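Asks: Have a look at this one before I ask anything.
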Amino acid sequence: MAYQKTFDPNSSTPHKLSRTKLDLFIECPRCFYLDQRLGIKRPSMPAFTLNVAVDHLLKKEFDISRSQGKAHPLMETYKIKAIPIDHKNLADWRNNFVGVRYLHPETNFLIYGAIDDLWQDENGDYVVVDYKATSTQAEIKLEGGYKEVYKRQAEIYQWLLEKNGLPVSKKAYFVYVNGKKDLAAFDGRLEFDTQIIEYIGDNSWVDEAINNAHQCLISDTIPKPNDKCEYCCYLESAKKVID
């Protein structure tokens, strides 16, 4: 099936809307409108290739436990009563170009997002798992700033899996790897401390956010600049100087 890349309010073709684009709407409706309705995207950021490598290796590591049908040792350390599950759709759900999908009937948006991992607890509920990499000496917490994006990310994945008919736990887990800076030398390798952080998700906001994003896009009026958005602030400041 074909999907719209740029939203056309007069088209009946479903419009693909990724988890990241929905989060863009929450962050800044104006930037979202420019991106999805007018095809004007924010400047691209450099790829975090080290993070991608860590993500890939973590998947391989947890896949060993998945193939054995047992918990990863780290899960046992944190007393998590679950195992990495070998679901028939896991390969697609992990694929950035496929992901977990759901066609939202009220808006005709195809909502999708790629999960990092999927566990199943002792009750048979599916558990969303996300891998994160950082390097900090501070205690790793999920409060404040960009960490709110992480929480919404887990909640959208929970919502998507529920819409696909799965029983989903409200618990989600972040497998956090923290690069060590206190080693004597680099010696051609990085070493990490690894921890698992539990998060109780609440995806009750997702449907309303999707409907609000749809209302934004069907309007012919571009939303006002957002004074909390650095991109809007840059554009407005530049426009004043140029004018």
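Following the order of the structure tokens, first chain is A, next is B, and so on, with residues numbered from 1 inside each chain and ligands from 1 in the order they appear.
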Could you list, as a VMD selection string, every residue within 12 Å of Tyr146 (chain A), counting only C-alpha atoms and ignoring same-chain residues fewer than 5 positions away?

Replies: chain A and resid 23 27 141 151 to 153

Asks: Go ahead and save the residues from that selection, with N, CA and C atoms, as a compact mmCIF listing (two decimals), in the first residue's frame.

Replies:
```
# COMPACT_ATOMS: atom_id res chain seq x y z
N ASP A 23 6.36 13.02 18.25
CA ASP A 23 7.05 13.72 19.33
C ASP A 23 7.47 15.12 18.88
N GLU A 27 6.71 18.68 20.74
CA GLU A 27 7.78 19.65 21.01
C GLU A 27 7.48 21.00 20.38
N LYS A 141 19.05 9.06 35.81
CA LYS A 141 17.64 9.10 36.18
C LYS A 141 16.81 9.37 34.92
N LYS A 151 10.50 8.70 27.88
CA LYS A 151 9.29 8.16 28.48
C LYS A 151 8.16 8.07 27.44
N ARG A 152 7.99 9.15 26.68
CA ARG A 152 6.95 9.12 25.64
C ARG A 152 7.23 8.05 24.60
N GLN A 153 8.51 7.86 24.30
CA GLN A 153 8.90 6.83 23.35
C GLN A 153 8.41 5.46 23.81
```

Asks: Looking only at strand (DSSP E) from DSSP on the backbone, list the matching residues of region 26-222 of chain A as an NGL selection string.

Replies: :A and (82-84 or 100-104 or 109-113 or 117-121 or 126-134 or 168-179 or 192-200)

Asks: Skipping near chain neighbours, those fewer than 6 positions away, what residues fall within 9 Å of region 118-122 of chain A using only C-alpha atoms, listed as a PyMOL selection string?

Replies: chain A and resi 80-87+90+128-130+168-169

Asks: Write down as an MDAnalysis selection string the residues of region 118-202 of chain A whose backbone DSSP state falls under helix (DSSP H, G or I).

Replies: chainID A and resid 147:163

Asks: For the selection you just gave me, I'd like the residues written to a file as a compact mmCIF listing (two decimals), in the first residue's frame, keeping N, CA and C atoms.

Replies:
```txt
# COMPACT_ATOMS: atom_id res chain seq x y z
N LYS A 147 14.86 13.46 28.80
CA LYS A 147 14.42 12.16 29.33
C LYS A 147 12.89 12.00 29.19
N GLU A 148 12.17 13.14 29.13
CA GLU A 148 10.72 13.05 28.92
C GLU A 148 10.41 12.44 27.55
N VAL A 149 11.29 12.70 26.58
CA VAL A 149 11.13 12.10 25.26
C VAL A 149 11.26 10.59 25.36
N TYR A 150 12.21 10.12 26.17
CA TYR A 150 12.38 8.68 26.35
C TYR A 150 11.12 8.03 26.91
N LYS A 151 10.50 8.70 27.88
CA LYS A 151 9.29 8.16 28.48
C LYS A 151 8.16 8.07 27.44
N ARG A 152 7.99 9.15 26.68
CA ARG A 152 6.95 9.12 25.64
C ARG A 152 7.23 8.05 24.60
N GLN A 153 8.51 7.86 24.30
CA GLN A 153 8.90 6.83 23.35
C GLN A 153 8.41 5.46 23.81
N ALA A 154 8.67 5.13 25.06
CA ALA A 154 8.23 3.84 25.60
C ALA A 154 6.71 3.74 25.59
N GLU A 155 6.04 4.82 25.91
CA GLU A 155 4.57 4.80 25.98
C GLU A 155 3.94 4.64 24.61
N ILE A 156 4.51 5.26 23.59
CA ILE A 156 3.99 5.08 22.23
C ILE A 156 4.18 3.63 21.79
N TYR A 157 5.32 3.04 22.12
CA TYR A 157 5.55 1.64 21.78
C TYR A 157 4.54 0.74 22.49
N GLN A 158 4.26 1.03 23.75
CA GLN A 158 3.26 0.26 24.47
C GLN A 158 1.90 0.39 23.79
N TRP A 159 1.56 1.58 23.40
CA TRP A 159 0.29 1.85 22.73
C TRP A 159 0.21 1.08 21.41
N LEU A 160 1.28 1.11 20.63
CA LEU A 160 1.31 0.43 19.34
C LEU A 160 1.14 -1.09 19.51
N LEU A 161 1.83 -1.65 20.48
CA LEU A 161 1.72 -3.08 20.71
C LEU A 161 0.31 -3.46 21.16
N GLU A 162 -0.30 -2.63 22.01
CA GLU A 162 -1.68 -2.87 22.43
C GLU A 162 -2.62 -2.85 21.23
N LYS A 163 -2.40 -1.88 20.31
CA LYS A 163 -3.25 -1.78 19.13
C LYS A 163 -3.06 -2.98 18.20
```

Asks: Would you tabulate, counting only C-alpha atoms, all residues of region 63-105 of chain A that have an atom at most 12 Å from an atom of region 50-57 of chain A, showing the closest pair of atoms and their distance in Å to one decimal, sorted by chain then ascending number, as a tab-separated table?

Replies:
```
residue	atom	partner	partner_atom	distance
A:Asp63	CA	A:Leu57	CA	9.7
A:Ile64	CA	A:Leu57	CA	11.0
A:Arg94	CA	A:His56	CA	10.9
A:Asn95	CA	A:His56	CA	11.9
```

Asks: Excluding region 9-17 of chain A and any residue of its chain fewer than 6 positions from it, enumerate the residues within 6 Å of it, using only C-alpha atoms, and give them as a VMD selection string.

Replies: chain A and resid 3 108 to 111 218

Asks: Can you write just those residues out, C-alpha atoms, as a tab-separated table (two decimals), in the first residue's frame?

Replies:
```tsv
chain	number	residue	atom	x	y	z
A	3	TYR	CA	1.47	6.18	1.84
A	108	ASN	CA	-5.96	7.88	8.65
A	109	PHE	CA	-2.45	8.17	10.07
A	110	LEU	CA	-0.23	5.09	9.91
A	111	ILE	CA	1.56	5.39	13.26
A	218	ILE	CA	-5.57	19.85	8.12
```

Asks: From the options A:Lys224, A:Lys180, A:Arg189, A:Arg19, which residue's atoms come nearest to Tyr102 (chain A), counting only C-alpha atoms?

Replies: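 The shortest atom-to-atom distance to Tyr102 (chain A) comes from A:Arg19.
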
Asks: Counting only C-alpha atoms, which of A:Asp35, A:Asp92, A:Asp117, A:Asp220 gets nearest to Lys59 (chain A)?

Replies: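 Of A:Asp35, A:Asp92, A:Asp117, A:Asp220, the one nearest Lys59 (chain A), counting only C-alpha atoms, is A:Asp117.
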
Asks: Can you tell me which residues surround region 236-239 of chain A at a distance of at most 10 Å, considering only C-alpha atoms, apart from same-chain residues fewer than 5 positions away, and format the answer as number ranges by chain?

Replies: A: 225-227, 230-231

Asks: Where does region 46-109 of chain A meet region 190-197 of chain A within 10 Å, residue by residue, with the nearest atom pair and distance in Å to one decimal for each, counting only C-alpha atoms, listed by chain and rising number, as a tab-separated table?

Replies:
```
residue	atom	partner	partner_atom	distance
A:Leu74	CA	A:Gln195	CA	7.9
A:Met75	CA	A:Ile196	CA	8.0
A:Thr77	CA	A:Ile196	CA	9.5
A:Tyr78	CA	A:Ile196	CA	7.3
A:Ile80	CA	A:Ile196	CA	9.6
```

Asks: Include N, CA and C atoms and write out the residues we just selected as a PDB file, in the first residue's frame.

Replies:
```
ATOM      1  N   LEU A  74      21.725 -10.064  33.417  1.00  0.00           N
ATOM      2  CA  LEU A  74      21.432  -8.739  33.973  1.00  0.00           C
ATOM      3  C   LEU A  74      19.994  -8.670  34.472  1.00  0.00           C
ATOM      4  N   MET A  75      19.091  -9.340  33.792  1.00  0.00           N
ATOM      5  CA  MET A  75      17.696  -9.383  34.231  1.00  0.00           C
ATOM      6  C   MET A  75      17.583 -10.129  35.554  1.00  0.00           C
ATOM      7  N   THR A  77      19.975 -10.264  37.788  1.00  0.00           N
ATOM      8  CA  THR A  77      20.561  -9.373  38.792  1.00  0.00           C
ATOM      9  C   THR A  77      19.521  -8.398  39.322  1.00  0.00           C
ATOM     10  N   TYR A  78      18.677  -7.894  38.430  1.00  0.00           N
ATOM     11  CA  TYR A  78      17.657  -6.919  38.811  1.00  0.00           C
ATOM     12  C   TYR A  78      16.326  -7.590  39.182  1.00  0.00           C
ATOM     13  N   ILE A  80      14.182  -9.309  37.550  1.00  0.00           N
ATOM     14  CA  ILE A  80      13.095  -9.095  36.596  1.00  0.00           C
ATOM     15  C   ILE A  80      12.590 -10.450  36.131  1.00  0.00           C
TER      16      ILE A  80
END
```

Asks: If I take CA of Ala209 (chain A) and CA of Lys21 (chain A), how far is one from the other in Å, to one decimal?

Replies: 11.3 Å

Asks: Can you tell me which residues surround Phe7 (chain A) at a distance of at most 8 Å, considering only C-alpha atoms, apart from same-chain residues fewer than 4 positions away, and format the answer as a list in words?

Replies: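 Neighbouring residues, sequence-local ones excluded: His15, Gln36, Arg37, Leu38 and Leu217 of chain A.
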
Asks: Given the choices A:Thr20, A:Gln137, A:Asn96, A:Ser65, which gets closest to Phe32 (chain A) if the distance is worked out from only C-alpha atoms?

Replies: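 Closest residue, counting only C-alpha atoms: A:Thr20.
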